[in-house]
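Undergrad: To be precise about what I am sending: the file is called my_file36.tsv and holds TSV, C-alpha atoms and all ligand atoms.
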chain	number	residue	atom	x	y	z
C	1261	MET	CA	21.50	22.15	-19.04
C	1262	GLU	CA	21.01	20.14	-15.87
C	1263	VAL	CA	17.79	19.77	-13.89
C	1264	ARG	CA	17.75	19.11	-10.18
C	1265	MET	CA	14.79	18.37	-7.98
C	1266	ASP	CA	15.89	19.32	-4.51
C	1267	GLY	CA	13.79	17.97	-1.65
C	1268	ILE	CA	10.47	18.57	-3.38
C	1269	SER	CA	7.18	17.62	-1.79
C	1270	VAL	CA	3.73	18.12	-3.28
C	1271	SER	CA	0.60	18.10	-1.13
C	1272	ARG	CA	-2.96	18.10	-2.44
C	1273	SER	CA	-6.20	17.66	-0.52
C	1274	GLY	CA	-4.25	17.00	2.67
C	1275	ARG	CA	-2.21	14.19	1.05
C	1276	GLU	CA	1.50	14.21	0.25
C	1277	LEU	CA	1.66	12.96	-3.34
C	1278	VAL	CA	5.43	13.36	-3.54
C	1279	ARG	CA	7.63	13.44	-0.45
C	1280	ASP	CA	11.12	14.93	-0.19
C	1281	LEU	CA	12.21	13.95	-3.69
C	1282	SER	CA	15.75	14.79	-4.73
C	1283	LEU	CA	16.87	13.69	-8.18
C	1284	GLU	CA	19.34	15.15	-10.64
C	1285	VAL	CA	19.38	14.89	-14.43
C	1286	GLY	CA	22.83	15.84	-15.65
C	1287	SER	CA	23.26	17.83	-18.82
C	1288	GLY	CA	22.66	15.50	-21.79
C	1289	GLN	CA	21.61	12.60	-19.57
C	1290	VAL	CA	18.48	10.50	-19.98
C	1291	VAL	CA	16.92	9.76	-16.60
C	1292	GLY	CA	13.83	7.58	-16.19
C	1293	LEU	CA	11.30	7.80	-13.39
C	1294	ILE	CA	9.66	4.45	-12.83
C	1295	GLY	CA	7.17	3.20	-10.29
C	1296	PRO	CA	3.70	1.69	-9.91
C	1297	ASN	CA	0.46	3.50	-10.77
C	1298	GLY	CA	-0.15	6.41	-8.45
C	1299	SER	CA	3.41	6.53	-7.10
C	1300	GLY	CA	3.84	10.22	-7.98
C	1301	LYS	CA	5.75	10.16	-11.30
C	1302	THR	CA	3.46	12.55	-13.18
C	1303	THR	CA	3.22	14.82	-10.15
C	1304	ALA	CA	7.03	15.06	-10.01
C	1305	LEU	CA	7.29	15.74	-13.74
C	1306	ARG	CA	4.64	18.45	-13.55
C	1307	CYS	CA	6.87	20.35	-11.13
C	1308	VAL	CA	9.63	20.39	-13.76
C	1309	TYR	CA	7.48	21.75	-16.58
C	1310	ARG	CA	5.81	24.21	-14.22
C	1311	ALA	CA	2.28	22.83	-14.30
C	1312	LEU	CA	2.64	22.47	-10.53
C	1313	LYS	CA	4.59	24.32	-7.88
C	1314	PRO	CA	6.12	22.08	-5.23
C	1315	THR	CA	4.69	22.71	-1.78
C	1316	VAL	CA	8.22	22.38	-0.40
C	1317	GLY	CA	11.61	22.26	-2.13
C	1318	THR	CA	13.15	23.69	-5.26
C	1319	VAL	CA	13.55	22.67	-8.87
C	1320	TRP	CA	16.83	23.98	-10.26
C	1321	LEU	CA	17.17	24.52	-13.99
C	1322	GLY	CA	20.76	25.08	-15.07
C	1323	GLY	CA	21.56	26.28	-11.56
C	1324	GLU	CA	18.64	28.75	-11.39
C	1325	ASP	CA	15.54	28.38	-9.24
C	1326	LEU	CA	12.80	27.49	-11.73
C	1327	ALA	CA	10.18	29.33	-9.67
C	1328	THR	CA	12.02	32.63	-10.14
C	1329	LEU	CA	12.47	32.36	-13.93
C	1330	PRO	CA	10.13	34.27	-16.26
C	1331	LEU	CA	7.68	31.76	-17.79
C	1332	ARG	CA	8.76	32.59	-21.33
C	1333	ARG	CA	12.38	31.78	-20.45
C	1334	SER	CA	11.64	28.41	-18.88
C	1335	ALA	CA	9.25	27.61	-21.77
C	1336	ARG	CA	12.12	28.14	-24.19
C	1337	SER	CA	14.31	25.73	-22.24
C	1338	VAL	CA	11.88	22.99	-21.17
C	1339	ALA	CA	9.51	21.17	-23.52
C	1340	ALA	CA	7.01	18.62	-22.27
C	1341	LEU	CA	5.14	15.72	-23.79
C	1342	THR	CA	2.37	15.12	-21.28
C	1343	GLN	CA	-0.77	13.08	-20.78
C	1344	GLU	CA	-2.85	16.27	-20.90
C	1345	ASP	CA	-2.11	16.99	-24.53
C	1346	GLY	CA	-4.64	19.76	-25.30
C	1347	THR	CA	-5.28	18.57	-28.85
C	1348	ASP	CA	-9.07	18.76	-28.61
C	1349	LEU	CA	-9.08	21.86	-30.85
C	1350	ASP	CA	-9.80	21.65	-34.56
C	1351	PHE	CA	-6.27	22.60	-35.64
C	1352	THR	CA	-4.33	21.04	-38.47
C	1353	VAL	CA	-1.24	19.01	-37.71
C	1354	GLU	CA	1.06	21.71	-39.06
C	1355	GLU	CA	-0.68	24.36	-36.92
C	1356	ILE	CA	-0.26	22.24	-33.80
C	1357	VAL	CA	3.43	21.63	-34.57
C	1358	ALA	CA	3.99	25.36	-35.23
C	1359	LEU	CA	2.63	26.10	-31.73
C	1360	GLY	CA	5.93	24.72	-30.47
C	1361	ARG	CA	7.53	27.99	-31.61
C	1362	THR	CA	5.25	30.09	-29.37
C	1363	PRO	CA	7.83	30.77	-26.63
C	1364	HIS	CA	10.17	32.18	-29.28
C	1365	LEU	CA	7.66	34.49	-31.01
C	1366	ARG	CA	6.36	37.93	-30.12
C	1367	GLY	CA	2.62	38.59	-30.46
C	1368	ASN	CA	1.27	37.49	-33.84
C	1369	GLN	CA	4.72	37.27	-35.39
C	1370	ALA	CA	4.73	34.85	-38.35
C	1371	LEU	CA	7.14	31.93	-38.58
C	1372	SER	CA	10.35	32.62	-40.47
C	1373	ALA	CA	11.43	30.43	-43.39
C	1374	ARG	CA	13.89	28.69	-41.04
C	1375	GLU	CA	11.12	27.98	-38.54
C	1376	ARG	CA	8.80	26.62	-41.23
C	1377	GLU	CA	11.61	24.34	-42.38
C	1378	LEU	CA	12.21	23.31	-38.74
C	1379	CYS	CA	8.53	22.31	-38.47
C	1380	ARG	CA	8.67	20.30	-41.69
C	1381	GLY	CA	11.87	18.59	-40.54
C	1382	ALA	CA	10.33	17.66	-37.17
C	1383	MET	CA	7.17	16.33	-38.85
C	1384	ALA	CA	9.33	14.29	-41.25
C	1385	ARG	CA	11.45	12.95	-38.34
C	1386	LEU	CA	8.32	11.81	-36.51
C	1387	GLY	CA	6.75	10.39	-39.69
C	1388	VAL	CA	3.75	12.74	-39.71
C	1389	LEU	CA	4.60	15.06	-42.61
C	1390	HIS	CA	2.00	13.35	-44.79
C	1391	LEU	CA	-0.62	14.36	-42.19
C	1392	ALA	CA	0.34	18.07	-42.19
C	1393	GLY	CA	-3.01	19.32	-43.55
C	1394	ARG	CA	-5.21	16.94	-41.51
C	1395	SER	CA	-7.21	18.05	-38.46
C	1396	VAL	CA	-5.67	16.59	-35.30
C	1397	LEU	CA	-9.19	15.57	-34.29
C	1398	THR	CA	-9.13	12.94	-37.05
C	1399	LEU	CA	-5.85	11.30	-36.00
C	1400	SER	CA	-5.29	8.00	-34.25
C	1401	GLY	CA	-3.84	8.05	-30.73
C	1402	GLY	CA	-0.36	7.11	-31.95
C	1403	GLU	CA	-0.40	9.65	-34.80
C	1404	ARG	CA	-1.45	12.35	-32.36
C	1405	ARG	CA	1.35	11.43	-29.97
C	1406	ARG	CA	3.91	11.72	-32.77
C	1407	VAL	CA	2.53	15.13	-33.76
C	1408	LEU	CA	3.00	16.31	-30.18
C	1409	ALA	CA	6.54	14.94	-30.16
C	1410	ALA	CA	7.22	16.98	-33.31
C	1411	ARG	CA	5.80	20.07	-31.59
C	1412	MET	CA	8.18	19.43	-28.68
C	1413	LEU	CA	11.19	19.30	-31.02
C	1414	VAL	CA	10.41	22.56	-32.83
C	1415	GLN	CA	10.50	24.30	-29.48
C	1416	GLU	CA	14.31	23.74	-29.68
C	1417	PRO	CA	14.50	23.17	-25.93
C	1418	GLN	CA	17.47	22.07	-23.88
C	1419	VAL	CA	15.39	19.87	-21.59
C	1420	LEU	CA	12.70	17.34	-22.52
C	1421	VAL	CA	10.17	16.11	-19.98
C	1422	LEU	CA	8.08	13.21	-21.22
C	1423	ASP	CA	5.26	11.43	-19.43
C	1424	GLU	CA	4.79	7.95	-20.89
C	1425	PRO	CA	5.82	9.07	-24.39
C	1426	THR	CA	5.38	5.58	-25.84
C	1427	ASN	CA	1.65	5.44	-24.99
C	1428	HIS	CA	-0.36	4.53	-28.10
C	1429	LEU	CA	2.75	3.94	-30.21
C	1430	ASP	CA	3.36	0.67	-32.04
C	1431	MET	CA	6.70	-1.03	-31.39
C	1432	ARG	CA	8.54	0.55	-34.32
C	1433	HIS	CA	7.44	4.04	-33.32
C	1434	GLN	CA	8.25	3.37	-29.66
C	1435	LEU	CA	11.82	2.42	-30.56
C	1436	ASP	CA	12.08	5.30	-33.01
C	1437	LEU	CA	10.99	7.88	-30.43
C	1438	LEU	CA	13.28	6.50	-27.73
C	1439	SER	CA	16.22	6.43	-30.17
C	1440	LEU	CA	15.47	10.05	-30.95
C	1441	LEU	CA	15.63	10.88	-27.23
C	1442	ARG	CA	18.95	9.07	-26.91
C	1443	GLU	CA	20.47	10.75	-29.94
C	1444	SER	CA	19.13	14.22	-29.17
C	1445	GLY	CA	21.94	15.09	-26.75
C	1446	LEU	CA	19.30	16.93	-24.70
C	1447	THR	CA	18.67	16.56	-20.99
C	1448	VAL	CA	15.76	14.13	-20.72
C	1449	LEU	CA	13.49	13.20	-17.82
C	1450	VAL	CA	11.01	10.51	-18.82
C	1451	THR	CA	8.48	8.22	-17.16
C	1452	LEU	CA	8.09	4.77	-18.66
C	1453	HIS	CA	6.03	1.80	-17.54
C	1454	ASP	CA	7.96	-0.55	-19.81
C	1455	LEU	CA	10.98	-1.32	-17.63
C	1456	ASN	CA	12.85	-3.02	-20.47
C	1457	LEU	CA	12.60	0.08	-22.62
C	1458	ALA	CA	13.57	2.18	-19.59
C	1459	SER	CA	16.63	-0.02	-19.14
C	1460	ALA	CA	17.58	0.35	-22.80
C	1461	VAL	CA	17.20	4.11	-23.07
C	1462	CYS	CA	18.06	5.56	-19.65
C	1463	ASP	CA	21.47	6.38	-18.20
C	1464	ARG	CA	19.94	6.34	-14.73
C	1465	LEU	CA	16.64	5.42	-13.16
C	1466	GLY	CA	14.79	6.80	-10.15
C	1467	VAL	CA	12.20	4.54	-8.55
C	1468	LEU	CA	9.16	6.08	-6.88
C	1469	SER	CA	6.95	4.20	-4.47
C	1470	ARG	CA	4.09	5.90	-2.64
C	1471	GLY	CA	5.55	9.32	-3.43
C	1472	GLU	CA	9.07	8.57	-2.20
C	1473	LEU	CA	12.28	7.86	-4.07
C	1474	VAL	CA	13.21	4.35	-2.94
C	1475	ALA	CA	16.14	3.68	-5.31
C	1476	SER	CA	18.23	5.42	-7.93
C	1477	GLY	CA	21.19	4.45	-10.03
C	1478	THR	CA	22.06	2.83	-13.34
C	1479	PRO	CA	19.53	0.35	-14.74
C	1480	ALA	CA	21.84	-2.49	-13.70
C	1481	GLU	CA	21.97	-1.18	-10.14
C	1482	VAL	CA	18.25	-0.57	-9.87
C	1483	LEU	CA	16.52	-3.32	-11.83
C	1484	THR	CA	17.04	-6.23	-9.46
C	1485	PRO	CA	14.52	-9.01	-8.86
C	1486	ARG	CA	14.28	-7.88	-5.24
C	1487	LEU	CA	13.41	-4.27	-6.08
C	1488	ILE	CA	10.91	-5.36	-8.73
C	1489	ARG	CA	9.27	-7.62	-6.20
C	1490	ASP	CA	9.25	-5.05	-3.38
C	1491	VAL	CA	8.07	-2.09	-5.45
C	1492	PHE	CA	5.92	-3.60	-8.19
C	1493	GLY	CA	4.79	-6.75	-6.40
C	1494	VAL	CA	5.79	-9.10	-9.20
C	1495	THR	CA	8.45	-11.73	-9.60
C	1496	ALA	CA	10.79	-11.18	-12.51
C	1497	SER	CA	13.97	-12.75	-13.78
C	1498	VAL	CA	16.64	-10.29	-14.88
C	1499	VAL	CA	18.82	-11.31	-17.82
C	1500	PRO	CA	21.33	-9.38	-19.92
C	1501	HIS	CA	20.11	-8.37	-23.35
C	1502	PRO	CA	21.98	-10.68	-25.78
C	1503	LEU	CA	23.12	-7.76	-27.98
C	1504	THR	CA	23.48	-4.77	-25.66
C	1505	GLY	CA	23.96	-6.33	-22.21
C	1506	ASP	CA	21.25	-4.05	-20.77
C	1507	PRO	CA	19.32	-5.74	-17.96
C	1508	GLN	CA	16.01	-7.05	-19.26
C	1509	LEU	CA	13.13	-8.40	-17.19
C	1510	LEU	CA	11.32	-11.61	-17.95
C	1511	TYR	CA	7.88	-12.10	-16.43
C	1512	SER	CA	5.40	-14.89	-16.57
C	1513	LEU	CA	1.68	-14.41	-16.24
C	1514	SER	CA	1.63	-16.23	-12.91
C	1515	SER	CA	4.57	-14.22	-11.49
C	1516	SER	CA	2.85	-12.43	-8.63
C	1517	ALA	CA	4.85	-11.57	-5.53
C	1518	ASP	CA	3.03	-14.31	-3.64
C	1519	GLU	CA	5.08	-16.93	-5.42
C	1520	LYS	CA	8.32	-17.83	-3.74
C	1521	GLU	CA	10.17	-18.97	-6.86
C	1522	PRO	CA	9.86	-17.99	-10.54
C	1523	CYS	CA	8.85	-20.82	-12.87
C	1524	PRO	CA	11.86	-22.69	-14.32
C	1601	LIG	N1	-4.98	17.12	-7.73
C	1601	LIG	C1	-4.93	16.00	-7.00
C	1601	LIG	N2	-5.59	15.90	-5.83
C	1601	LIG	C2	-5.53	14.77	-5.08
C	1601	LIG	N3	-4.82	13.68	-5.44
C	1601	LIG	C3	-4.15	13.72	-6.61
C	1601	LIG	C4	-4.16	14.87	-7.44
C	1601	LIG	N4	-3.38	14.61	-8.52
C	1601	LIG	C5	-2.93	13.35	-8.36
C	1601	LIG	N5	-3.39	12.81	-7.21
C	1601	LIG	C6	-3.07	11.48	-6.67
C	1601	LIG	O1	-1.67	11.47	-6.46
C	1601	LIG	C7	-1.14	10.16	-6.67
C	1601	LIG	C8	0.03	10.25	-7.63
C	1601	LIG	O2	-0.49	10.54	-8.92
C	1601	LIG	P1	0.46	10.58	-10.18
C	1601	LIG	O3	-0.40	10.89	-11.36
C	1601	LIG	O4	1.60	11.48	-9.92
C	1601	LIG	O5	0.98	9.08	-10.22
C	1601	LIG	P2	1.78	8.29	-11.36
C	1601	LIG	O6	2.92	7.61	-10.69
C	1601	LIG	O7	2.09	9.20	-12.49
C	1601	LIG	O8	0.70	7.21	-11.78
C	1601	LIG	P3	0.40	6.44	-13.17
C	1601	LIG	O9	1.50	5.43	-13.34
C	1601	LIG	O10	-0.90	5.77	-12.90
C	1601	LIG	O11	0.34	7.44	-14.27
C	1601	LIG	C9	-2.30	9.31	-7.15
C	1601	LIG	O12	-2.78	8.56	-6.06
C	1601	LIG	C10	-3.34	10.33	-7.61
C	1601	LIG	O13	-4.65	9.83	-7.45
Re-express the file's structure as structure tokens.
Ligand SMILES: Nc1ncnc2c1ncn2[C@@H]1O[C@H](COP(=O)(O)OP(=O)(O)OP(=O)(O)O)[C@@H](O)[C@H]1O
TA:
Amino acid sequence: MEVRMDGISVSRSGRELVRDLSLEVGSGQVVGLIGPNGSGKTTALRCVYRALKPTVGTVWLGGEDLATLPLRRSARSVAALTQEDGTDLDFTVEEIVALGRTPHLRGNQALSARERELCRGAMARLGVLHLAGRSVLTLSGGERRRVLAARMLVQEPQVLVLDEPTNHLDMRHQLDLLSLLRESGLTVLVTLHDLNLASAVCDRLGVLSRGELVASGTPAEVLTPRLIRDVFGVTASVVPHPLTGDPQLLYSLSSSADEKEPCP
């Protein structure tokens, strides 16, 4: 199922946070939104999981205007892993994961045996099955993030929207989660601050700067020293990954945009 942001703008308090953004995520593609702090990435994502309505423009979900779809229908199709995770309630891990089934259930309907198995499978895949009976309030940041990723999977969506999903995760769990995204076959829109991970996992990247899309294309097309310098204000060398060939950025601590040449 493809997702298309079509000329969306979002205004708040008299400020345009996102301006005339058009970006498509083809069915089964992984597309990354990158950009500096405050460039509008979260705001754009929130329009796709319906936490925000664009002031102007349309988000198309599988060819239908998202704004016209019943909430239950879009909730079955789009799952989000956000920064506002809502896990401040004293629920157990398995209760939080089971909440992912909500869009599929009627009233107080109990989970079927298949759904309970689905929850166990998702917890096992994210390495949190051993925490099933623990209160989420007692978890570390990374454990909590993996529980929320499991909740996202049990929703059985066609589209995943993830805002900085690797936050709090150690390197092994970062790579594990991103591999899961790649292998899922789902349509994925993800923000990532780590440009090397974005390069490794994404088919295409969109670059936001001050609310506007300033570049889009494959990681090789987008991740150039010039763009990194112009948009992020740092000097980086771009080298091919020795195993995969993906462009990878090398920084040095002194590599601010003020320097004319990177250190040898
Ligand atoms: N409700 C709001 N009212 C006014 N300004 C807002 C509101 N929500 C966000 N902003 C501002 O909009 C801009 C874009 O915010 P957004 O969270 O989308 O950026 P981001 O690219 O996700 O940033 P980060 O990388 O820091 O997470 C920021 O300057 C932020 O302060």
Undergrad: What's the 7 Å shell around segment 1295-1307 of chain C, counting all atoms listed in the file, without same-chain residues fewer than 6 positions away, as an MDAnalysis selection string?
TA: chainID C and resid 1277:1278 1313:1314 1421 1423 1451 1467:1471 1492
Undergrad: Step by step, gather every atom of ligand LIG 1601 (chain C) that the file lists, find the box along x, y and z that holds them, add 6 Å on each side, and finally give centre and edge lengths in Å to one decimal, as AutoDock Vina command-line options.
TA:
--center_x -1.3 --center_y 11.3 --center_z -9.7 --size_x 20.5 --size_y 23.7 --size_z 21.2
Undergrad: Which residue, C:Arg1442, C:Arg1272, C:Arg1432, C:Arg1264, has the smallest gap to ligand LIG 1601 (chain C) when you use all atoms listed in the file?
TA: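 Of the candidates, the smallest distance to ligand LIG 1601 (chain C) is held by C:Arg1272.
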Undergrad: For atom CA of Leu1329 of chain C and atom CA of Gly1317 of chain C, quote the distance in Å rounded to one decimal.
TA: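 One can read the atom CA of Leu1329 of chain C to atom CA of Gly1317 of chain C distance as 15.6 Å.
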Undergrad: For atom CA of Leu1455 of chain C and atom CA of His1501 of chain C, quote the distance in Å rounded to one decimal.
TA: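 So the two atoms, atom CA of Leu1455 of chain C and atom CA of His1501 of chain C, lie 12.9 Å apart.
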Undergrad: In Å, with one decimal, what is the gap from atom CA of Gln1508 of chain C to atom CA of Ser1459 of chain C?
TA: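 Value for the atom CA of Gln1508 of chain C-atom CA of Ser1459 of chain C distance: 7.1 Å.
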Undergrad: Considering only C-alpha atoms, return as a ChimeraX atom specification whatever protein or nucleic-acid residues lie within 12 Å of Leu1457 of chain C, sequence-local ones (same chain, fewer than 6 positions apart) excluded.
TA: /C:1292,1294,1424-1426,1431,1434-1439,1442,1450-1451,1463,1465,1479,1483,1501,1506-1509
Undergrad: Would you put the residues from that selection into a file with C-alpha atoms, as a PDB file, in the frame of the given file?
TA:
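What landed in part18.pdb:
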ATOM      1  CA  GLY C1292      13.830   7.580 -16.190  1.00  0.00           C
ATOM      2  CA  ILE C1294       9.660   4.450 -12.830  1.00  0.00           C
ATOM      3  CA  GLU C1424       4.790   7.950 -20.890  1.00  0.00           C
ATOM      4  CA  PRO C1425       5.820   9.070 -24.390  1.00  0.00           C
ATOM      5  CA  THR C1426       5.380   5.580 -25.840  1.00  0.00           C
ATOM      6  CA  MET C1431       6.700  -1.030 -31.390  1.00  0.00           C
ATOM      7  CA  GLN C1434       8.250   3.370 -29.660  1.00  0.00           C
ATOM      8  CA  LEU C1435      11.820   2.420 -30.560  1.00  0.00           C
ATOM      9  CA  ASP C1436      12.080   5.300 -33.010  1.00  0.00           C
ATOM     10  CA  LEU C1437      10.990   7.880 -30.430  1.00  0.00           C
ATOM     11  CA  LEU C1438      13.280   6.500 -27.730  1.00  0.00           C
ATOM     12  CA  SER C1439      16.220   6.430 -30.170  1.00  0.00           C
ATOM     13  CA  ARG C1442      18.950   9.070 -26.910  1.00  0.00           C
ATOM     14  CA  VAL C1450      11.010  10.510 -18.820  1.00  0.00           C
ATOM     15  CA  THR C1451       8.480   8.220 -17.160  1.00  0.00           C
ATOM     16  CA  ASP C1463      21.470   6.380 -18.200  1.00  0.00           C
ATOM     17  CA  LEU C1465      16.640   5.420 -13.160  1.00  0.00           C
ATOM     18  CA  PRO C1479      19.530   0.350 -14.740  1.00  0.00           C
ATOM     19  CA  LEU C1483      16.520  -3.320 -11.830  1.00  0.00           C
ATOM     20  CA  HIS C1501      20.110  -8.370 -23.350  1.00  0.00           C
ATOM     21  CA  ASP C1506      21.250  -4.050 -20.770  1.00  0.00           C
ATOM     22  CA  PRO C1507      19.320  -5.740 -17.960  1.00  0.00           C
ATOM     23  CA  GLN C1508      16.010  -7.050 -19.260  1.00  0.00           C
ATOM     24  CA  LEU C1509      13.130  -8.400 -17.190  1.00  0.00           C
TER      25      LEU C1509
END
Undergrad: Please return as a list of chain:residue names every residue within 8 Å of (10.6, -8.7, -15.7), taking into account only C-alpha atoms and the file's own coordinates.
TA: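 Returned residue set, sorted by chain then number, is C:Leu1455, C:Asn1456, C:Pro1485, C:Ile1488, C:Thr1495, C:Ala1496, C:Ser1497, C:Val1498, C:Gln1508, C:Leu1509, C:Leu1510, C:Tyr1511.
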Undergrad: When you get a chance, write out N, CA and C atoms for segment 1465-1484 of chain C, as a PDB file, keeping the file's coordinate frame.
TA:
ATOM      1  N   LEU C1465      18.061   5.560 -13.489  1.00  0.00           N
ATOM      2  CA  LEU C1465      16.640   5.420 -13.160  1.00  0.00           C
ATOM      3  C   LEU C1465      16.403   5.887 -11.723  1.00  0.00           C
ATOM      4  N   GLY C1466      15.249   6.513 -11.497  1.00  0.00           N
ATOM      5  CA  GLY C1466      14.790   6.800 -10.150  1.00  0.00           C
ATOM      6  C   GLY C1466      13.505   6.023  -9.944  1.00  0.00           C
ATOM      7  N   VAL C1467      13.386   5.371  -8.799  1.00  0.00           N
ATOM      8  CA  VAL C1467      12.200   4.540  -8.550  1.00  0.00           C
ATOM      9  C   VAL C1467      11.342   5.202  -7.478  1.00  0.00           C
ATOM     10  N   LEU C1468      10.096   5.494  -7.843  1.00  0.00           N
ATOM     11  CA  LEU C1468       9.160   6.080  -6.880  1.00  0.00           C
ATOM     12  C   LEU C1468       8.207   5.012  -6.366  1.00  0.00           C
ATOM     13  N   SER C1469       7.962   5.064  -5.072  1.00  0.00           N
ATOM     14  CA  SER C1469       6.950   4.200  -4.470  1.00  0.00           C
ATOM     15  C   SER C1469       6.223   5.012  -3.427  1.00  0.00           C
ATOM     16  N   ARG C1470       4.925   5.115  -3.563  1.00  0.00           N
ATOM     17  CA  ARG C1470       4.090   5.900  -2.640  1.00  0.00           C
ATOM     18  C   ARG C1470       4.663   7.305  -2.416  1.00  0.00           C
ATOM     19  N   GLY C1471       5.101   7.925  -3.509  1.00  0.00           N
ATOM     20  CA  GLY C1471       5.550   9.320  -3.430  1.00  0.00           C
ATOM     21  C   GLY C1471       6.985   9.503  -3.008  1.00  0.00           C
ATOM     22  N   GLU C1472       7.685   8.421  -2.670  1.00  0.00           N
ATOM     23  CA  GLU C1472       9.070   8.570  -2.200  1.00  0.00           C
ATOM     24  C   GLU C1472      10.038   7.877  -3.146  1.00  0.00           C
ATOM     25  N   LEU C1473      11.219   8.479  -3.268  1.00  0.00           N
ATOM     26  CA  LEU C1473      12.280   7.860  -4.070  1.00  0.00           C
ATOM     27  C   LEU C1473      12.872   6.723  -3.236  1.00  0.00           C
ATOM     28  N   VAL C1474      12.733   5.483  -3.732  1.00  0.00           N
ATOM     29  CA  VAL C1474      13.210   4.350  -2.940  1.00  0.00           C
ATOM     30  C   VAL C1474      14.498   3.764  -3.510  1.00  0.00           C
ATOM     31  N   ALA C1475      14.861   4.152  -4.735  1.00  0.00           N
ATOM     32  CA  ALA C1475      16.140   3.680  -5.310  1.00  0.00           C
ATOM     33  C   ALA C1475      16.487   4.592  -6.467  1.00  0.00           C
ATOM     34  N   SER C1476      17.793   4.718  -6.715  1.00  0.00           N
ATOM     35  CA  SER C1476      18.230   5.420  -7.930  1.00  0.00           C
ATOM     36  C   SER C1476      19.602   4.893  -8.294  1.00  0.00           C
ATOM     37  N   GLY C1477      19.896   4.949  -9.574  1.00  0.00           N
ATOM     38  CA  GLY C1477      21.190   4.450 -10.030  1.00  0.00           C
ATOM     39  C   GLY C1477      21.090   4.030 -11.484  1.00  0.00           C
ATOM     40  N   THR C1478      22.112   3.326 -11.963  1.00  0.00           N
ATOM     41  CA  THR C1478      22.060   2.830 -13.340  1.00  0.00           C
ATOM     42  C   THR C1478      20.996   1.738 -13.427  1.00  0.00           C
ATOM     43  N   PRO C1479      20.512   1.446 -14.632  1.00  0.00           N
ATOM     44  CA  PRO C1479      19.530   0.350 -14.740  1.00  0.00           C
ATOM     45  C   PRO C1479      20.029  -0.942 -14.110  1.00  0.00           C
ATOM     46  N   ALA C1480      21.318  -1.243 -14.264  1.00  0.00           N
ATOM     47  CA  ALA C1480      21.840  -2.490 -13.700  1.00  0.00           C
ATOM     48  C   ALA C1480      21.797  -2.468 -12.177  1.00  0.00           C
ATOM     49  N   GLU C1481      22.002  -1.285 -11.601  1.00  0.00           N
ATOM     50  CA  GLU C1481      21.970  -1.180 -10.140  1.00  0.00           C
ATOM     51  C   GLU C1481      20.539  -1.268  -9.606  1.00  0.00           C
ATOM     52  N   VAL C1482      19.611  -0.733 -10.384  1.00  0.00           N
ATOM     53  CA  VAL C1482      18.250  -0.570  -9.870  1.00  0.00           C
ATOM     54  C   VAL C1482      17.349  -1.767 -10.173  1.00  0.00           C
ATOM     55  N   LEU C1483      17.478  -2.299 -11.388  1.00  0.00           N
ATOM     56  CA  LEU C1483      16.520  -3.320 -11.830  1.00  0.00           C
ATOM     57  C   LEU C1483      16.927  -4.715 -11.330  1.00  0.00           C
ATOM     58  N   THR C1484      16.741  -4.927 -10.046  1.00  0.00           N
ATOM     59  CA  THR C1484      17.040  -6.230  -9.460  1.00  0.00           C
ATOM     60  C   THR C1484      15.727  -6.948  -9.174  1.00  0.00           C
TER      61      THR C1484
END
